[in-house]
>>> print(open('start.txt').read())   # compact mmCIF, C-alpha atoms
# COMPACT_ATOMS: atom_id res chain seq x y z
CA MET V 1 10.96 30.96 -5.73
CA ARG V 2 9.88 30.15 -9.25
CA ARG V 3 6.90 27.84 -9.35
CA PRO V 4 6.97 24.93 -11.82
CA VAL V 5 4.55 24.89 -14.71
CA ARG V 6 1.22 23.45 -13.75
CA LEU V 7 0.50 20.36 -15.84
CA GLY V 8 -2.92 19.41 -14.55
CA ALA V 9 -5.09 21.84 -16.48
CA GLY V 10 -7.50 19.90 -18.64
CA ALA V 11 -7.17 16.47 -20.13
CA PRO V 12 -3.83 15.31 -21.55
CA GLN V 13 -3.50 15.61 -25.30
CA GLY V 14 -2.99 11.87 -25.80
CA SER V 15 -6.27 11.09 -24.04
CA GLY V 16 -8.15 13.53 -26.25
CA VAL V 17 -6.74 12.01 -29.43
CA ALA V 18 -7.51 8.47 -28.25
CA PHE V 19 -11.02 9.43 -27.19
CA GLY V 20 -11.63 10.99 -30.60
CA ALA V 21 -10.43 7.81 -32.31
CA LEU V 22 -12.77 5.75 -30.12
CA ILE V 23 -15.70 7.97 -31.02
CA ILE V 24 -14.99 7.52 -34.73
CA LEU V 25 -14.64 3.74 -34.28
CA VAL V 26 -17.92 3.45 -32.35
CA VAL V 27 -19.88 5.70 -34.73
CA CYS V 28 -18.61 3.95 -37.87
CA SER V 29 -19.28 0.48 -36.47
CA LEU V 30 -22.80 1.42 -35.40
CA ALA V 31 -23.34 2.92 -38.84
CA LEU V 32 -22.67 -0.55 -40.25
CA VAL V 33 -25.28 -1.92 -37.85
CA ALA V 34 -27.70 0.75 -39.07
CA LEU V 35 -27.09 -0.39 -42.65
CA ASP V 36 -27.88 -3.96 -41.59
CA VAL V 37 -31.12 -2.73 -40.02
CA ALA V 38 -32.05 -0.84 -43.17
CA ALA V 39 -31.32 -3.92 -45.30
CA SER V 40 -33.49 -6.16 -43.13
CA PRO V 41 -37.27 -6.47 -43.54
CA LEU V 42 -38.54 -3.41 -41.67
CA GLY V 43 -41.02 -5.01 -39.35
CA LYS V 44 -42.05 -3.46 -36.06
CA ARG V 45 -39.75 -5.76 -34.10
CA THR V 46 -36.77 -4.87 -36.31
CA VAL V 47 -37.35 -1.13 -35.99
CA VAL V 48 -37.78 -1.23 -32.21
CA ALA V 49 -34.72 -3.43 -31.65
CA GLY V 50 -32.61 -1.43 -34.10
CA LEU V 51 -33.50 1.93 -32.60
CA THR V 52 -32.90 0.64 -29.06
CA VAL V 53 -29.45 -0.61 -29.94
CA LEU V 54 -28.48 2.42 -32.01
CA VAL V 55 -29.61 4.88 -29.32
CA LEU V 56 -28.26 3.13 -26.22
CA MET V 57 -25.09 1.54 -27.57
CA PRO V 58 -23.11 4.77 -28.20
CA ALA V 59 -23.68 5.95 -24.63
CA LEU V 60 -22.84 2.51 -23.22
CA MET V 61 -19.67 2.12 -25.29
CA LEU V 62 -18.32 5.60 -24.68
CA GLY V 63 -19.11 5.25 -20.99
CA GLN V 64 -17.07 2.05 -20.93
CA TYR V 65 -14.12 3.25 -23.02
CA ALA V 66 -13.80 6.89 -21.97
CA PRO V 67 -10.32 7.79 -20.68
CA PRO V 68 -9.70 10.03 -17.65
CA PRO V 69 -10.93 12.59 -16.73
CA TYR V 70 -14.17 11.41 -18.39
CA ARG V 71 -13.82 7.87 -17.01
CA LEU V 72 -16.82 6.67 -15.02
CA PRO V 73 -16.50 5.05 -11.58
CA TYR V 74 -15.71 1.34 -11.56
CA ARG V 75 -19.09 0.21 -10.21
CA TRP V 76 -20.86 2.20 -12.93
CA ARG V 77 -18.78 0.53 -15.61
CA TRP V 78 -19.78 -2.86 -14.20
CA GLY V 79 -23.44 -1.95 -14.66
CA LEU V 80 -22.82 -0.63 -18.17
CA LEU V 81 -21.03 -3.86 -19.03
CA LEU V 82 -24.06 -5.94 -18.02
CA VAL V 83 -26.43 -3.74 -20.03
CA GLN V 84 -24.08 -3.88 -23.01
CA ALA V 85 -24.00 -7.68 -22.82
CA VAL V 86 -27.80 -7.79 -22.85
CA LEU V 87 -28.05 -5.42 -25.83
CA THR V 88 -25.39 -7.43 -27.68
CA TYR V 89 -26.79 -10.95 -27.24
CA LEU V 90 -30.53 -10.22 -27.08
CA PRO V 91 -30.85 -9.26 -30.77
CA LEU V 92 -28.60 -12.17 -31.73
CA LEU V 93 -30.38 -14.87 -29.74
CA LEU V 94 -34.00 -13.71 -29.90
CA PHE V 95 -34.19 -11.93 -33.24
CA HIS V 96 -31.33 -13.73 -35.09
CA TYR V 97 -29.93 -10.45 -36.36
CA ARG V 98 -26.50 -10.34 -37.98
CA TRP V 99 -25.02 -7.73 -35.68
CA LEU V 100 -21.86 -9.67 -34.97
CA SER V 101 -19.68 -6.54 -34.99
CA LEU V 102 -21.08 -5.74 -31.52
CA LEU V 103 -19.28 -8.79 -30.10
CA GLY V 104 -15.91 -7.11 -30.58
CA PHE V 105 -17.00 -4.05 -28.61
CA LEU V 106 -18.30 -6.27 -25.81
CA ALA V 107 -15.01 -8.20 -25.67
CA GLY V 108 -13.09 -4.91 -25.56
CA ALA V 109 -15.27 -3.65 -22.70
CA VAL V 110 -14.65 -6.90 -20.81
CA LEU V 111 -10.88 -6.44 -21.19
CA LEU V 112 -11.08 -2.84 -19.95
CA THR V 113 -13.44 -3.39 -17.01
CA LEU V 114 -12.59 -6.73 -15.39
CA PRO V 115 -9.31 -7.73 -13.70
CA PRO V 116 -6.74 -9.34 -16.03
CA GLY V 117 -7.17 -12.82 -14.55
CA THR V 118 -10.89 -12.77 -15.31
CA SER V 119 -11.14 -10.51 -18.35
CA VAL V 120 -9.01 -12.56 -20.76
CA PRO V 121 -11.00 -15.85 -20.44
CA LEU V 122 -14.31 -14.00 -20.68
CA ALA V 123 -13.15 -11.99 -23.69
CA LEU V 124 -12.08 -15.24 -25.40
CA ALA V 125 -15.50 -16.70 -24.60
CA VAL V 126 -17.21 -13.68 -26.15
CA GLY V 127 -15.04 -14.04 -29.24
CA ALA V 128 -15.81 -17.75 -29.55
CA SER V 129 -19.55 -17.17 -29.13
CA GLY V 130 -19.83 -15.61 -32.60
CA PRO V 131 -18.60 -18.65 -34.58
CA LEU V 132 -20.62 -20.89 -32.24
CA LEU V 133 -23.86 -18.99 -32.95
CA ALA V 134 -23.15 -19.13 -36.67
CA ALA V 135 -22.32 -22.87 -36.57
CA THR V 136 -25.55 -23.70 -34.74
CA LYS V 137 -27.57 -21.71 -37.33
CA LEU V 138 -28.94 -19.36 -34.67
CA ILE V 139 -27.74 -16.54 -36.90
CA ASP V 140 -28.20 -16.44 -40.64
CA THR V 141 -24.92 -15.09 -41.97
CA ASP V 142 -22.72 -15.69 -44.97
CA ARG V 143 -19.52 -15.03 -43.02
CA SER V 144 -17.28 -17.92 -42.13
CA ALA V 145 -16.52 -18.85 -38.52
CA LEU V 146 -12.91 -17.74 -38.97
CA GLY V 147 -14.01 -14.39 -40.44
CA ILE V 148 -16.34 -13.78 -37.49
CA LEU V 149 -13.61 -14.68 -35.01
CA LEU V 150 -11.01 -12.46 -36.70
CA GLY V 151 -13.42 -9.52 -36.93
CA THR V 152 -14.26 -9.79 -33.25
CA ALA V 153 -10.59 -10.06 -32.30
CA ILE V 154 -9.61 -7.03 -34.41
CA THR V 155 -12.36 -4.86 -32.95
CA ALA V 156 -11.70 -5.98 -29.36
CA THR V 157 -7.93 -5.45 -29.53
CA THR V 158 -8.34 -2.07 -31.25
CA VAL V 159 -10.78 -0.85 -28.60
CA PHE V 160 -8.62 -2.15 -25.77
CA ALA V 161 -5.37 -0.78 -27.19
CA VAL V 162 -6.70 2.73 -27.86
CA ALA V 163 -8.52 3.00 -24.53
CA HIS V 164 -5.56 1.57 -22.60
CA LEU V 165 -3.12 3.94 -24.32
CA ALA V 166 -5.41 6.82 -23.36
CA LEU V 167 -5.32 5.65 -19.75
CA LEU V 168 -1.51 5.39 -19.85
CA ALA V 169 -1.29 8.88 -21.35
CA ALA V 170 -3.43 10.24 -18.52
CA ARG V 171 -1.29 8.49 -15.90
CA LEU V 172 1.94 9.76 -17.47
CA HIS V 173 0.51 13.27 -17.57
CA ASN V 174 -0.49 13.20 -13.90
CA SER V 175 2.74 11.46 -12.91
CA ARG V 176 4.64 14.39 -14.41
CA GLU V 177 2.39 16.82 -12.54
CA HIS V 178 2.99 14.95 -9.30
CA ALA V 179 6.75 14.96 -9.93
CA ALA V 180 6.62 18.74 -10.48
CA HIS V 181 4.63 19.10 -7.27
CA SER V 182 7.22 17.06 -5.35
CA ALA V 183 10.12 19.01 -6.89
CA GLU V 184 8.47 22.27 -5.87
CA HIS V 185 8.21 21.12 -2.26
CA ARG V 186 11.81 19.88 -2.23
CA GLU V 187 13.06 23.19 -3.63
CA ARG V 188 11.00 25.12 -1.10
CA ALA V 189 12.41 23.03 1.75
CA ARG V 190 15.97 23.57 0.47
CA MET V 191 15.49 27.33 0.23
CA GLN V 192 13.96 27.45 3.70
CA GLN V 193 16.94 25.58 5.08
CA ASP V 194 19.41 27.86 3.27
CA LEU V 195 17.57 30.93 4.52
CA HIS V 196 17.70 29.65 8.08
CA ASP V 197 21.36 28.60 7.91
CA LEU V 198 22.79 31.64 6.12
CA VAL V 199 20.65 34.70 6.84
CA GLY V 200 19.41 33.50 10.22
CA SER V 201 22.88 32.78 11.56
CA SER V 202 24.19 36.15 10.34
CA LEU V 203 21.34 38.02 12.00
CA ALA V 204 21.94 36.10 15.21
CA ALA V 205 25.61 37.07 15.11
CA ILE V 206 24.73 40.75 14.54
CA THR V 207 22.35 40.67 17.49
CA ILE V 208 24.93 39.11 19.80
CA GLN V 209 27.70 41.53 18.78
CA GLY V 210 25.40 44.52 19.20
CA GLU V 211 24.28 43.42 22.65
CA THR V 212 27.91 42.89 23.66
CA ALA V 213 28.82 46.38 22.46
CA LEU V 214 25.92 47.87 24.42
CA ARG V 215 26.92 46.12 27.62
CA GLY V 216 30.56 47.17 27.36
CA GLY V 217 30.08 50.60 25.79
CA SER V 218 30.61 54.05 27.36
CA THR V 219 27.79 55.65 29.34
CA THR V 220 28.93 59.28 28.78
CA ALA V 221 26.50 61.82 27.34
CA GLY V 222 28.56 62.18 24.17
CA SER V 223 27.84 58.56 23.21
CA GLY V 224 24.07 58.77 23.77
CA ARG V 225 23.23 59.05 20.06
CA GLU V 226 25.53 56.16 19.20
CA ARG V 227 24.00 53.99 21.90
CA ALA V 228 20.48 54.80 20.67
CA ALA V 229 21.42 53.89 17.10
CA LEU V 230 23.10 50.69 18.27
CA THR V 231 20.05 49.77 20.35
CA GLU V 232 17.80 50.29 17.33
CA ILE V 233 20.10 48.11 15.17
CA VAL V 234 19.98 45.30 17.75
CA ALA V 235 16.18 45.49 17.96
CA LEU V 236 15.88 45.46 14.16
CA ALA V 237 18.23 42.47 13.87
CA ARG V 238 16.25 40.59 16.53
CA ARG V 239 12.96 41.23 14.71
CA LEU V 240 14.46 40.16 11.38
CA HIS V 241 15.83 37.03 12.99
CA ASP V 242 12.37 36.15 14.30
CA ASP V 243 10.87 36.78 10.85
CA VAL V 244 13.46 34.54 9.19
CA ARG V 245 12.74 31.77 11.68
CA SER V 246 9.00 32.02 11.02
CA ILE V 247 9.55 31.87 7.25
CA SER V 248 12.13 29.11 7.23
CA ARG V 249 10.46 26.70 9.61
CA PRO V 250 8.82 23.69 7.93
CA ASP V 251 5.32 24.53 6.70
CA GLY V 252 3.65 22.19 9.12
CA GLY V 253 0.07 22.13 10.27
CA ASP V 254 -3.06 20.24 9.47
CA LEU V 255 -3.83 22.64 6.60
CA ALA V 256 -0.69 21.66 4.67
CA LEU V 257 -1.40 17.95 5.16
CA SER V 258 -4.97 18.49 3.96
CA GLU V 259 -3.63 20.22 0.85
CA GLU V 260 -1.36 17.26 0.16
CA LEU V 261 -4.30 14.88 0.54
CA ALA V 262 -6.39 17.00 -1.83
CA HIS V 263 -3.58 16.97 -4.40
CA ALA V 264 -3.19 13.21 -4.09
CA GLN V 265 -6.92 12.64 -4.59
CA ARG V 266 -7.00 14.92 -7.62
CA VAL V 267 -4.05 13.38 -9.50
CA LEU V 268 -5.17 9.81 -8.76
CA THR V 269 -8.74 10.49 -9.87
CA ALA V 270 -7.52 12.18 -13.04
CA SER V 271 -5.43 9.06 -13.73
CA GLY V 272 -8.45 6.76 -13.62
CA VAL V 273 -7.84 5.51 -10.06
CA GLU V 274 -10.83 5.54 -7.73
CA VAL V 275 -9.85 7.12 -4.41
CA ARG V 276 -11.44 6.65 -1.00
CA THR V 277 -10.22 8.82 1.86
CA VAL V 278 -10.92 8.45 5.58
CA LEU V 279 -9.77 11.46 7.61
CA PRO V 280 -10.29 12.74 11.16
CA PRO V 281 -11.79 16.23 11.61
CA ARG V 282 -8.38 17.57 12.62
CA THR V 283 -4.93 16.10 13.15
CA GLU V 284 -2.93 17.52 16.06
CA ALA V 285 0.76 16.60 15.84
CA ALA V 286 4.22 18.13 15.80
CA PRO V 287 5.24 19.92 12.57
CA ALA V 288 7.99 17.35 11.96
CA VAL V 289 5.44 14.53 12.15
CA LEU V 290 3.08 16.20 9.69
CA ALA V 291 5.96 16.95 7.34
CA CYS V 292 7.00 13.27 7.48
CA LEU V 293 3.45 12.10 6.74
CA ARG V 294 3.21 14.50 3.83
CA PHE V 295 6.39 13.04 2.39
CA VAL V 296 5.14 9.46 2.86
CA LEU V 297 1.85 10.32 1.13
CA ARG V 298 3.63 12.10 -1.71
CA GLU V 299 6.02 9.22 -2.40
CA ALA V 300 3.31 6.54 -2.06
CA VAL V 301 1.07 8.33 -4.55
CA GLY V 302 4.01 8.68 -6.92
CA ASN V 303 4.59 4.93 -6.72
CA VAL V 304 0.94 4.25 -7.55
CA LEU V 305 1.13 6.53 -10.59
CA GLN V 306 4.48 5.32 -11.89
CA HIS V 307 4.78 1.65 -10.93
CA SER V 308 1.31 0.11 -10.70
CA ARG V 309 -1.85 -0.51 -12.71
CA ALA V 310 -4.09 0.17 -9.75
CA THR V 311 -7.77 0.94 -10.23
CA HIS V 312 -8.58 1.57 -6.54
CA CYS V 313 -6.67 3.40 -3.83
CA SER V 314 -7.68 4.12 -0.24
CA ILE V 315 -5.99 6.73 1.97
CA THR V 316 -6.68 6.48 5.69
CA LEU V 317 -5.41 8.94 8.30
CA SER V 318 -6.19 8.21 11.95
CA THR V 319 -4.94 9.05 15.42
CA ASP V 320 -5.37 7.41 18.82
CA GLY V 321 -4.16 10.35 20.88
CA THR V 322 -0.53 9.19 21.09
CA ALA V 323 0.35 8.43 17.46
CA VAL V 324 -0.76 9.34 13.94
CA ARG V 325 -1.23 6.55 11.41
CA LEU V 326 -1.30 6.97 7.62
CA ALA V 327 -2.16 4.00 5.38
CA ILE V 328 -2.21 4.04 1.56
CA ARG V 329 -3.57 0.88 -0.06
CA ASN V 330 -3.99 0.13 -3.77
CA ASP V 331 -4.90 -2.93 -5.83
CA GLY V 332 -1.74 -2.85 -7.97
CA ALA V 333 0.28 -5.30 -5.87
CA GLU V 334 1.66 -7.15 -8.87
CA ALA V 335 3.53 -4.04 -9.93
CA ALA V 336 4.67 -2.76 -6.55
CA PRO V 337 8.07 -1.05 -6.80
CA PRO V 338 11.16 -2.38 -5.05
CA ALA V 339 12.88 -0.31 -2.44
CA SER V 340 15.01 2.32 -4.07
CA GLY V 341 18.69 2.44 -3.44
CA ARG V 342 18.86 6.25 -3.60
CA HIS V 343 19.10 8.09 -0.33
CA GLY V 344 15.87 9.71 0.74
CA THR V 345 13.69 8.22 -1.98
CA GLY V 346 11.76 5.03 -2.47
CA LEU V 347 10.44 2.76 0.22
CA ALA V 348 13.80 2.63 2.00
CA GLY V 349 13.86 6.43 2.26
CA LEU V 350 10.31 6.50 3.60
CA GLY V 351 11.16 3.96 6.27
CA GLY V 352 14.22 5.95 7.30
CA ARG V 353 12.24 9.14 7.76
CA VAL V 354 9.57 7.44 9.84
CA LEU V 355 12.04 5.51 12.01
CA ALA V 356 13.99 8.72 12.67
CA LEU V 357 10.91 10.07 14.47
CA GLY V 358 10.45 6.91 16.53
CA GLY V 359 7.68 5.52 14.33
CA GLU V 360 6.98 2.31 12.45
CA PHE V 361 6.87 1.83 8.69
CA THR V 362 5.63 -1.13 6.66
CA ALA V 363 5.19 -1.75 2.95
CA ALA V 364 3.78 -5.13 1.95
CA ALA V 365 1.69 -6.90 -0.67
CA ALA V 366 -1.12 -9.26 0.30
CA ASP V 367 -4.27 -10.56 -1.41
CA GLY V 368 -3.70 -8.51 -4.55
CA THR V 369 -3.21 -5.21 -2.70
CA PHE V 370 -0.13 -3.19 -1.82
CA THR V 371 -0.21 -1.23 1.44
CA VAL V 372 2.14 1.44 2.77
CA THR V 373 1.64 2.25 6.46
CA ALA V 374 3.42 4.86 8.59
CA THR V 375 2.72 5.23 12.32
CA VAL V 376 4.49 8.15 14.02
CA PRO V 377 4.21 9.45 17.62
CA ARG V 378 2.40 12.76 17.73
CA THR V 379 5.35 14.45 19.46
CA GLY V 380 7.83 13.08 16.91
CA ALA V 381 10.41 11.81 19.36
CA VAL V 382 13.74 11.71 17.53
CA VAL V 383 15.57 8.41 17.81
CA PRO V 384 19.31 9.02 18.35
CA SER V 385 21.61 7.37 15.83
CA ARG V 386 24.14 4.86 17.09
>>> encode(input="start.txt", output="structure tokens")
Amino acid sequence: MRRPVRLGAGAPQGSGVAFGALIILVVCSLALVALDVAASPLGKRTVVAGLTVLVLMPALMLGQYAPPPYRLPYRWRWGLLLVQAVLTYLPLLLFHYRWLSLLGFLAGAVLLTLPPGTSVPLALAVGASGPLLAATKLIDTDRSALGILLGTAITATTVFAVAHLALLAARLHNSREHAAHSAEHRERARMQQDLHDLVGSSLAAITIQGETALRGGSTTAGSGRERAALTEIVALARRLHDDVRSISRPDGGDLALSEELAHAQRVLTASGVEVRTVLPPRTEAAPAVLACLRFVLREAVGNVLQHSRATHCSITLSTDGTAVRLAIRNDGAEAAPPASGRHGTGLAGLGGRVLALGGEFTAAAADGTFTVTATVPRTGAVVPSR
């Protein structure tokens, strides 16, 4: 079987271009700050504050805006945001420096780090703080309040747009990789089924016909060579039939499920989604159950990549001795996909697969999270259709 092209090597091209644009934007803006420092009276306080900002700000900004796979964990970006806020307002409030261009970068970092319901009001507050500081004469500047506000808005929206487009490019890249991974598994399953149905049935028929001929054949000495050849043909057909069955059976086992979990963690992490996995040391279940759980995990991860703006995802696999439970939860509930009408795909298809093995399937949004849960008996008892 021909393997699809692997798409996950390295960062997507769009992310690299966007990251390069962000680097140029940060460096050029800080160069303007450096010119302001050089134009100011070079006292000890000015030099220390200027060097602190010019040395720390590039690392802080790029740490905040970096797209996947360079994106830092969410809790780290929270800490960087607090440090960036201190380095932005401290020179303004204590030293009355005219470094108002830093407000736009802070507003952009707020939009990228905080949830939408919180980030927009705070970013507006950061934007309004510049004209307010100028109006109260805390900063000596010849720029008008409207000019300060427009400059902050332009910088913030540019930073947010470029960084967000880089994140979308990374998600699209990994969504395509995940789709190729799913297509590979579907093609493999189809070929296994064809191999079992066509070659396996033919070998079984050859074995049966040969055994029938041996039982009803002549026992004279003249037919000894023919009987030996026929016996060898039957034995060869039986061995080939066993080999076909071993190849064409579903690739079950805990190892295959672990590989699917590793793939899910890799593509989600590369898409900027923080992943937390909770797994038992080993999962003992029927091959059909493990195959069903692999399909549920594959489809749920695809939904996260294609239909949500999740930043966190948890994957929990547990067993109580009688059933295996898989839960995938993400914080992109507002963009959870509807059940698909196509057979075998979407949430409806997942539920059908789980119910066919006597299990339970739920997919629901609550408290800003979307959770997909599949609980299947370890033996995979098939529920007869009515």
>>> closest_residue(input="start.txt", among="V:Arg266, V:Arg276, V:Arg294, V:Lys137", to="Ser314 of chain V", atoms="all atoms listed in the file")
V:Arg276
>>> residues_around(input="start.txt", residues="Leu257 of chain V", least_positions_apart="6", cutoff="12 Å", atoms="only C-alpha atoms", output="mmCIF file with C-alpha atoms, keeping the file's coordinate frame")
data_model
loop_
_atom_site.group_PDB
_atom_site.id
_atom_site.type_symbol
_atom_site.label_atom_id
_atom_site.label_comp_id
_atom_site.auth_asym_id
_atom_site.auth_seq_id
_atom_site.Cartn_x
_atom_site.Cartn_y
_atom_site.Cartn_z
ATOM 1 C CA ASP V 251 5.320 24.530 6.700
ATOM 2 C CA HIS V 263 -3.580 16.970 -4.400
ATOM 3 C CA ALA V 264 -3.190 13.210 -4.090
ATOM 4 C CA LEU V 279 -9.770 11.460 7.610
ATOM 5 C CA PRO V 280 -10.290 12.740 11.160
ATOM 6 C CA ARG V 282 -8.380 17.570 12.620
ATOM 7 C CA THR V 283 -4.930 16.100 13.150
ATOM 8 C CA GLU V 284 -2.930 17.520 16.060
ATOM 9 C CA ALA V 285 0.760 16.600 15.840
ATOM 10 C CA PRO V 287 5.240 19.920 12.570
ATOM 11 C CA ALA V 288 7.990 17.350 11.960
ATOM 12 C CA VAL V 289 5.440 14.530 12.150
ATOM 13 C CA LEU V 290 3.080 16.200 9.690
ATOM 14 C CA ALA V 291 5.960 16.950 7.340
ATOM 15 C CA CYS V 292 7.000 13.270 7.480
ATOM 16 C CA LEU V 293 3.450 12.100 6.740
ATOM 17 C CA ARG V 294 3.210 14.500 3.830
ATOM 18 C CA PHE V 295 6.390 13.040 2.390
ATOM 19 C CA VAL V 296 5.140 9.460 2.860
ATOM 20 C CA LEU V 297 1.850 10.320 1.130
ATOM 21 C CA ARG V 298 3.630 12.100 -1.710
ATOM 22 C CA LEU V 317 -5.410 8.940 8.300
ATOM 23 C CA LEU V 326 -1.300 6.970 7.620
#
>>> atom_distance(input="start.txt", atom1="atom CA of Gln84 of chain V", atom2="atom CA of Ala135 of chain V")
23.4 Å
>>> atom_distance(input="start.txt", atom1="atom CA of Leu150 of chain V", atom2="atom CA of Ala107 of chain V")
12.5 Å
>>> residues_around(input="start.txt", residues="Gly332 of chain V", least_positions_apart="4", cutoff="9 Å", atoms="all atoms listed in the file", output="PyMOL selection string")
chain V and resi 304+307-313+336+368-370
>>> residues_around(input="start.txt", residues="Thr52 of chain V", least_positions_apart="4", cutoff="12 Å", atoms="only C-alpha atoms", output="PyMOL selection string")
chain V and resi 30+33-34+37+45-48+56-60+83-84+86-88+90-91
>>> atom_distance(input="start.txt", atom1="atom CA of Leu54 of chain V", atom2="atom CA of Gly151 of chain V")
19.8 Å
>>> closest_residue(input="start.txt", among="V:Leu106, V:Ala169, V:Met191, V:Leu62", to="Ala156 of chain V", atoms="all atoms listed in the file")
V:Leu106
>>> closest_residue(input="start.txt", among="V:Arg71, V:Ser29, V:Ile139, V:Ala179", to="Phe105 of chain V", atoms="only C-alpha atoms")
V:Ser29
>>> closest_residue(input="start.txt", among="V:Val267, V:Leu122, V:Leu100, V:Leu81", to="Leu32 of chain V", atoms="only C-alpha atoms")
V:Leu100
>>> closest_residue(input="start.txt", among="V:Val55, V:Ile206, V:Val162, V:Val110", to="Ile23 of chain V", atoms="all atoms listed in the file")
V:Val162
>>> closest_residue(input="start.txt", among="V:His181, V:His164, V:Arg329, V:Arg353", to="Tyr65 of chain V", atoms="only C-alpha atoms")
V:His164
